[in-house]
$ cat upload_16.pdb   # PDB, C-alpha atoms
ATOM      1  CA  MET A 150     -13.565 -12.679 142.111
ATOM      2  CA  LYS A 151     -17.320 -12.108 142.231
ATOM      3  CA  HIS A 152     -16.726  -8.393 141.626
ATOM      4  CA  LEU A 153     -14.640  -9.165 138.534
ATOM      5  CA  ALA A 154     -17.394 -11.398 137.127
ATOM      6  CA  HIS A 155     -19.905  -8.546 137.510
ATOM      7  CA  ILE A 156     -17.595  -6.220 135.608
ATOM      8  CA  PHE A 157     -17.294  -8.688 132.719
ATOM      9  CA  ILE A 158     -21.064  -9.250 132.605
ATOM     10  CA  GLY A 159     -21.635  -5.501 132.647
ATOM     11  CA  LEU A 160     -19.153  -4.954 129.823
ATOM     12  CA  ALA A 161     -20.733  -7.760 127.781
ATOM     13  CA  CYS A 162     -24.189  -6.218 128.184
ATOM     14  CA  LEU A 163     -22.871  -2.791 127.282
ATOM     15  CA  MET A 164     -21.056  -4.103 124.208
ATOM     16  CA  ALA A 165     -24.122  -6.051 123.031
ATOM     17  CA  GLY A 166     -26.004  -2.787 122.655
ATOM     18  CA  CYS A 167     -23.511  -1.109 120.330
ATOM     19  CA  THR A 168     -21.590  -2.012 117.232
ATOM     20  CA  ILE A 169     -18.158  -0.856 116.256
ATOM     21  CA  SER A 170     -17.151  -0.735 112.622
ATOM     22  CA  TYR A 171     -13.461  -0.614 111.844
ATOM     23  CA  LYS A 172     -11.719  -1.523 108.640
ATOM     24  CA  PHE A 173      -8.178  -2.767 109.176
ATOM     25  CA  ASN A 174      -7.002  -1.537 105.781
ATOM     26  CA  GLY A 175      -8.403   1.909 106.527
ATOM     27  CA  THR A 176     -10.256   2.394 103.250
ATOM     28  CA  VAL A 177     -13.284   4.637 103.075
ATOM     29  CA  ILE A 178     -14.319   3.616  99.573
ATOM     30  CA  ASP A 179     -18.008   3.380  98.754
ATOM     31  CA  TYR A 180     -17.838   0.341  96.472
ATOM     32  CA  ASN A 181     -21.387   1.027  95.288
ATOM     33  CA  ILE A 182     -20.054   4.170  93.588
ATOM     34  CA  ILE A 183     -16.319   3.569  93.116
ATOM     35  CA  LYS A 184     -15.488   0.311  91.382
ATOM     36  CA  SER A 185     -12.291   0.878  89.395
ATOM     37  CA  ILE A 186      -8.889   2.520  89.379
ATOM     38  CA  SER A 187      -6.390   3.178  86.618
ATOM     39  CA  ILE A 188      -2.735   3.713  87.428
ATOM     40  CA  GLU A 189      -0.564   4.985  84.603
ATOM     41  CA  ASP A 190       3.053   3.912  84.655
ATOM     42  CA  PHE A 191       5.113   6.576  86.381
ATOM     43  CA  THR A 192       8.026   7.850  84.301
ATOM     44  CA  ASN A 193      11.419   9.016  85.525
ATOM     45  CA  GLN A 194      12.045  12.737  85.018
ATOM     46  CA  ALA A 195      14.803  12.987  87.639
ATOM     47  CA  ALA A 196      18.279  14.171  86.682
ATOM     48  CA  MET A 197      19.834  11.082  88.303
ATOM     49  CA  VAL A 198      18.336   7.857  86.970
ATOM     50  CA  TYR A 199      18.410   4.388  88.512
ATOM     51  CA  ALA A 200      16.820   2.065  85.946
ATOM     52  CA  PRO A 201      14.969  -0.340  88.317
ATOM     53  CA  LEU A 202      13.337   2.514  90.271
ATOM     54  CA  THR A 203      10.289   3.150  88.082
ATOM     55  CA  ASN A 204       9.567  -0.561  87.722
ATOM     56  CA  VAL A 205       9.658  -1.022  91.517
ATOM     57  CA  LEU A 206       7.454   2.064  92.011
ATOM     58  CA  ASN A 207       4.920   1.080  89.349
ATOM     59  CA  GLU A 208       4.563  -2.495  90.589
ATOM     60  CA  ARG A 209       4.357  -1.479  94.250
ATOM     61  CA  ILE A 210       1.709   1.186  93.759
ATOM     62  CA  LYS A 211      -0.489  -1.145  91.691
ATOM     63  CA  ASP A 212       0.020  -3.913  94.221
ATOM     64  CA  THR A 213      -0.925  -1.575  97.080
ATOM     65  CA  TYR A 214      -4.342  -0.834  95.573
ATOM     66  CA  THR A 215      -5.082  -4.372  94.376
ATOM     67  CA  ARG A 216      -4.164  -5.929  97.738
ATOM     68  CA  GLN A 217      -5.836  -3.373 100.000
ATOM     69  CA  THR A 218      -9.013  -2.593  98.046
ATOM     70  CA  ARG A 219     -11.611  -4.380  95.953
ATOM     71  CA  LEU A 220     -11.125  -1.914  93.098
ATOM     72  CA  ASN A 221     -10.701  -3.292  89.588
ATOM     73  CA  LEU A 222      -7.443  -2.154  88.012
ATOM     74  CA  ILE A 223      -8.261  -1.058  84.455
ATOM     75  CA  ASP A 224      -6.388   0.837  81.735
ATOM     76  CA  ARG A 225      -8.590   3.931  81.317
ATOM     77  CA  ASN A 226     -11.897   5.607  82.155
ATOM     78  CA  ALA A 227     -11.748   4.453  85.768
ATOM     79  CA  ASP A 228     -13.544   5.970  88.716
ATOM     80  CA  LEU A 229     -10.172   6.818  90.284
ATOM     81  CA  GLU A 230      -7.056   7.702  88.297
ATOM     82  CA  LEU A 231      -3.419   7.998  89.354
ATOM     83  CA  SER A 232      -0.544   9.266  87.250
ATOM     84  CA  GLY A 233       2.776  10.920  87.870
ATOM     85  CA  GLU A 234       6.507  10.868  87.568
ATOM     86  CA  VAL A 235       9.673  10.571  89.585
ATOM     87  CA  VAL A 236      10.908  14.163  89.809
ATOM     88  CA  GLY A 237      13.847  13.688  92.138
ATOM     89  CA  TYR A 238      16.359  10.987  92.956
ATOM     90  CA  ASP A 239      19.241  12.650  94.719
ATOM     91  CA  ILE A 240      22.158  11.885  97.006
ATOM     92  CA  THR A 241      23.370  14.555  99.413
ATOM     93  CA  PRO A 242      26.287  14.515 101.875
ATOM     94  CA  MET A 243      24.932  15.031 105.383
ATOM     95  CA  ALA A 244      26.774  14.791 108.707
ATOM     96  CA  VAL A 245      30.444  15.787 108.661
ATOM     97  CA  ASN A 246      32.978  13.847 110.733
ATOM     98  CA  ALA A 247      36.167  15.091 112.429
ATOM     99  CA  ASN A 248      38.135  14.830 109.152
ATOM    100  CA  SER A 249      35.691  17.183 107.396
ATOM    101  CA  MET A 250      34.393  14.247 105.388
ATOM    102  CA  ALA A 251      30.735  13.314 105.074
ATOM    103  CA  ALA A 252      29.870  10.647 107.637
ATOM    104  CA  GLU A 253      26.402  10.092 106.210
ATOM    105  CA  THR A 254      24.812  10.419 102.825
ATOM    106  CA  ARG A 255      21.099  10.970 102.213
ATOM    107  CA  LEU A 256      19.206   9.367  99.351
ATOM    108  CA  THR A 257      15.990  11.277  98.604
ATOM    109  CA  LEU A 258      13.166  10.184  96.313
ATOM    110  CA  ARG A 259      10.490  12.645  95.149
ATOM    111  CA  VAL A 260       7.415  11.553  93.200
ATOM    112  CA  ASN A 261       4.834  13.923  91.732
ATOM    113  CA  VAL A 262       1.313  12.424  91.737
ATOM    114  CA  ARG A 263      -1.912  13.481  90.056
ATOM    115  CA  TYR A 264      -5.051  11.974  91.560
ATOM    116  CA  THR A 265      -8.451  12.255  89.918
ATOM    117  CA  ASN A 266     -11.670  11.044  91.505
ATOM    118  CA  ASN A 267     -14.138  10.983  88.616
ATOM    119  CA  THR A 268     -17.021  10.497  91.058
ATOM    120  CA  ASN A 269     -16.113  13.560  93.135
ATOM    121  CA  HIS A 270     -13.714  16.042  91.553
ATOM    122  CA  GLU A 271     -13.487  18.018  94.816
ATOM    123  CA  GLU A 272     -11.068  15.293  95.949
ATOM    124  CA  ASP A 273      -8.716  15.707  92.951
ATOM    125  CA  PHE A 274      -5.174  16.835  93.737
ATOM    126  CA  GLU A 275      -1.614  17.063  92.521
ATOM    127  CA  LYS A 276       1.081  16.617  95.133
ATOM    128  CA  THR A 277       4.769  15.776  95.402
ATOM    129  CA  TYR A 278       5.670  13.014  97.853
ATOM    130  CA  SER A 279       9.143  12.761  99.293
ATOM    131  CA  ALA A 280      10.998  10.188 101.353
ATOM    132  CA  TYR A 281      14.639   9.831 102.319
ATOM    133  CA  ARG A 282      17.036   7.497 104.041
ATOM    134  CA  ASN A 283      20.525   8.188 105.347
ATOM    135  CA  PHE A 284      23.327   5.689 104.951
ATOM    136  CA  ASP A 285      26.946   5.508 106.055
ATOM    137  CA  SER A 286      29.197   7.370 103.632
ATOM    138  CA  ASN A 287      31.729   4.543 103.837
ATOM    139  CA  LEU A 288      29.249   2.482 101.826
ATOM    140  CA  MET A 289      28.850   2.792  98.095
ATOM    141  CA  LEU A 290      25.387   3.757  96.863
ATOM    142  CA  ASN A 291      25.378   0.591  94.732
ATOM    143  CA  ASP A 292      25.713  -1.483  97.921
ATOM    144  CA  VAL A 293      22.615  -0.040  99.611
ATOM    145  CA  GLN A 294      20.531   1.341  96.745
ATOM    146  CA  ASP A 295      18.161  -1.590  96.189
ATOM    147  CA  GLN A 296      17.256  -1.871  99.882
ATOM    148  CA  LEU A 297      16.820   1.903 100.205
ATOM    149  CA  ILE A 298      14.621   2.005  97.088
ATOM    150  CA  GLU A 299      12.333  -0.638  98.617
ATOM    151  CA  GLU A 300      11.982   1.416 101.808
ATOM    152  CA  LEU A 301      11.477   4.751 100.031
ATOM    153  CA  VAL A 302       8.933   3.352  97.583
ATOM    154  CA  ASP A 303       7.011   1.637 100.410
ATOM    155  CA  GLU A 304       6.796   4.907 102.351
ATOM    156  CA  ILE A 305       5.688   6.931  99.338
ATOM    157  CA  CYS A 306       3.113   4.325  98.246
ATOM    158  CA  ASP A 307       1.661   4.226 101.773
ATOM    159  CA  ASN A 308       1.362   8.020 101.797
ATOM    160  CA  ILE A 309      -0.289   8.103  98.362
ATOM    161  CA  TYR A 310      -2.719   5.373  99.424
ATOM    162  CA  ASN A 311      -3.540   7.188 102.660
ATOM    163  CA  ASP A 312      -4.175  10.478 100.845
ATOM    164  CA  THR A 313      -6.378   8.933  98.155
ATOM    165  CA  VAL A 314      -8.566   6.217  99.673
ATOM    166  CA  ALA A 315      -7.669   5.701 103.323
ATOM    167  CA  ASN A 316      -8.733   9.143 104.579
ATOM    168  CA  TRP A 317      -6.228   9.092 107.447
TER     169      TRP A 317
END
$ encode --input "upload_16.pdb" --output "structure tokens"
Amino acid sequence: MKHLAHIFIGLACLMAGCTISYKFNGTVIDYNIIKSISIEDFTNQAAMVYAPLTNVLNERIKDTYTRQTRLNLIDRNADLELSGEVVGYDITPMAVNANSMAAETRLTLRVNVRYTNNTNHEEDFEKTYSAYRNFDSNLMLNDVQDQLIEELVDEICDNIYNDTVANW
């Protein structure tokens, strides 16, 4: 017991001499330089269109930045700018069962994003993000589409956020 107390005292002394800085949201934004972001509404350029998709994407991406940063969301001339479009919304038969029928179907969402950092243009990029989910082919897309859209949009928004301000 005495030995354990010495270990705790030693750790406390060691920890008192150093500081650890960790941000739980993972941002690496210098708020002295970067104060604002503008996010243009993403349009749907995909061949297959699901009307609620762009609204869900636009709201989620704006919400991601306003909840996880202190950046002001403004219409134009921001320090950081995001724009883009949905370029793919596709369903594809996947696994085949014993009856030569598709056992699973894959829903894939692809979003092209342009990111501009007006304080450091070396960080600018254009990239296409993709996410997919498989679902049982016995289900109709209409039965699972809203839930799958939520999951796909969450994944893509997290990846965009990580690539732009989280520096993961």
$ resolve_selection --input "upload_16.pdb" --expression "the PyMOL selection byres ((chain A and resi 220-229) around 6)" --output "PyMOL selection string"
chain A and resi 183-187+218-219+230+265-267
$ closest_residue --input "upload_16.pdb" --among "A:Val235, A:Met250, A:Leu202, A:Ile182" --to "Asn269 (chain A)" --atoms "only C-alpha atoms"
A:Ile182
$ atom_distance --input "upload_16.pdb" --atom1 "CA of Glu189 (chain A)" --atom2 "CA of Asp212 (chain A)"
13.1 Å
$ residues_around --input "upload_16.pdb" --residues "Thr213 (chain A)" --least-positions-apart "6" --cutoff "9 Å" --atoms "only C-alpha atoms" --output "PyMOL selection string"
chain A and resi 306-307+310
$ resolve_selection --input "upload_16.pdb" --expression "the PyMOL selection byres ((chain A and resi 277-292) around 9)" --output "ChimeraX atom specification"
/A:236-237,240,242-243,250-263,275-276,293-297,300-302,304-305,308-309
$ write_last_selection --input "upload_16.pdb" --atoms "C-alpha atoms" --output "mmCIF file, in the frame of the given file"
data_model
loop_
_atom_site.group_PDB
_atom_site.id
_atom_site.type_symbol
_atom_site.label_atom_id
_atom_site.label_comp_id
_atom_site.auth_asym_id
_atom_site.auth_seq_id
_atom_site.Cartn_x
_atom_site.Cartn_y
_atom_site.Cartn_z
ATOM 1 C CA VAL A 236 10.908 14.163 89.809
ATOM 2 C CA GLY A 237 13.847 13.688 92.138
ATOM 3 C CA ILE A 240 22.158 11.885 97.006
ATOM 4 C CA PRO A 242 26.287 14.515 101.875
ATOM 5 C CA MET A 243 24.932 15.031 105.383
ATOM 6 C CA MET A 250 34.393 14.247 105.388
ATOM 7 C CA ALA A 251 30.735 13.314 105.074
ATOM 8 C CA ALA A 252 29.870 10.647 107.637
ATOM 9 C CA GLU A 253 26.402 10.092 106.210
ATOM 10 C CA THR A 254 24.812 10.419 102.825
ATOM 11 C CA ARG A 255 21.099 10.970 102.213
ATOM 12 C CA LEU A 256 19.206 9.367 99.351
ATOM 13 C CA THR A 257 15.990 11.277 98.604
ATOM 14 C CA LEU A 258 13.166 10.184 96.313
ATOM 15 C CA ARG A 259 10.490 12.645 95.149
ATOM 16 C CA VAL A 260 7.415 11.553 93.200
ATOM 17 C CA ASN A 261 4.834 13.923 91.732
ATOM 18 C CA VAL A 262 1.313 12.424 91.737
ATOM 19 C CA ARG A 263 -1.912 13.481 90.056
ATOM 20 C CA GLU A 275 -1.614 17.063 92.521
ATOM 21 C CA LYS A 276 1.081 16.617 95.133
ATOM 22 C CA VAL A 293 22.615 -0.040 99.611
ATOM 23 C CA GLN A 294 20.531 1.341 96.745
ATOM 24 C CA ASP A 295 18.161 -1.590 96.189
ATOM 25 C CA GLN A 296 17.256 -1.871 99.882
ATOM 26 C CA LEU A 297 16.820 1.903 100.205
ATOM 27 C CA GLU A 300 11.982 1.416 101.808
ATOM 28 C CA LEU A 301 11.477 4.751 100.031
ATOM 29 C CA VAL A 302 8.933 3.352 97.583
ATOM 30 C CA GLU A 304 6.796 4.907 102.351
ATOM 31 C CA ILE A 305 5.688 6.931 99.338
ATOM 32 C CA ASN A 308 1.362 8.020 101.797
ATOM 33 C CA ILE A 309 -0.289 8.103 98.362
#
$ atom_distance --input "upload_16.pdb" --atom1 "CA of Asp303 (chain A)" --atom2 "CA of Ala200 (chain A)"
17.5 Å
$ atom_distance --input "upload_16.pdb" --atom1 "CA of Asn207 (chain A)" --atom2 "CA of Tyr180 (chain A)"
23.9 Å
$ closest_residue --input "upload_16.pdb" --among "A:Ile298, A:Ala244, A:Ile188, A:Val177" --to "Pro201 (chain A)" --atoms "all atoms listed in the file"
A:Ile298
$ resolve_selection --input "upload_16.pdb" --expression "the PyMOL selection byres ((chain A and resi 190) around 10)" --output "list in words"
Ser187, Ile188, Glu189, Phe191, Thr192, Asn193, Thr203, Asn204, Leu206, Asn207, Glu208, Ile210, Lys211, Leu231, Ser232, Gly233 and Glu234 of chain A
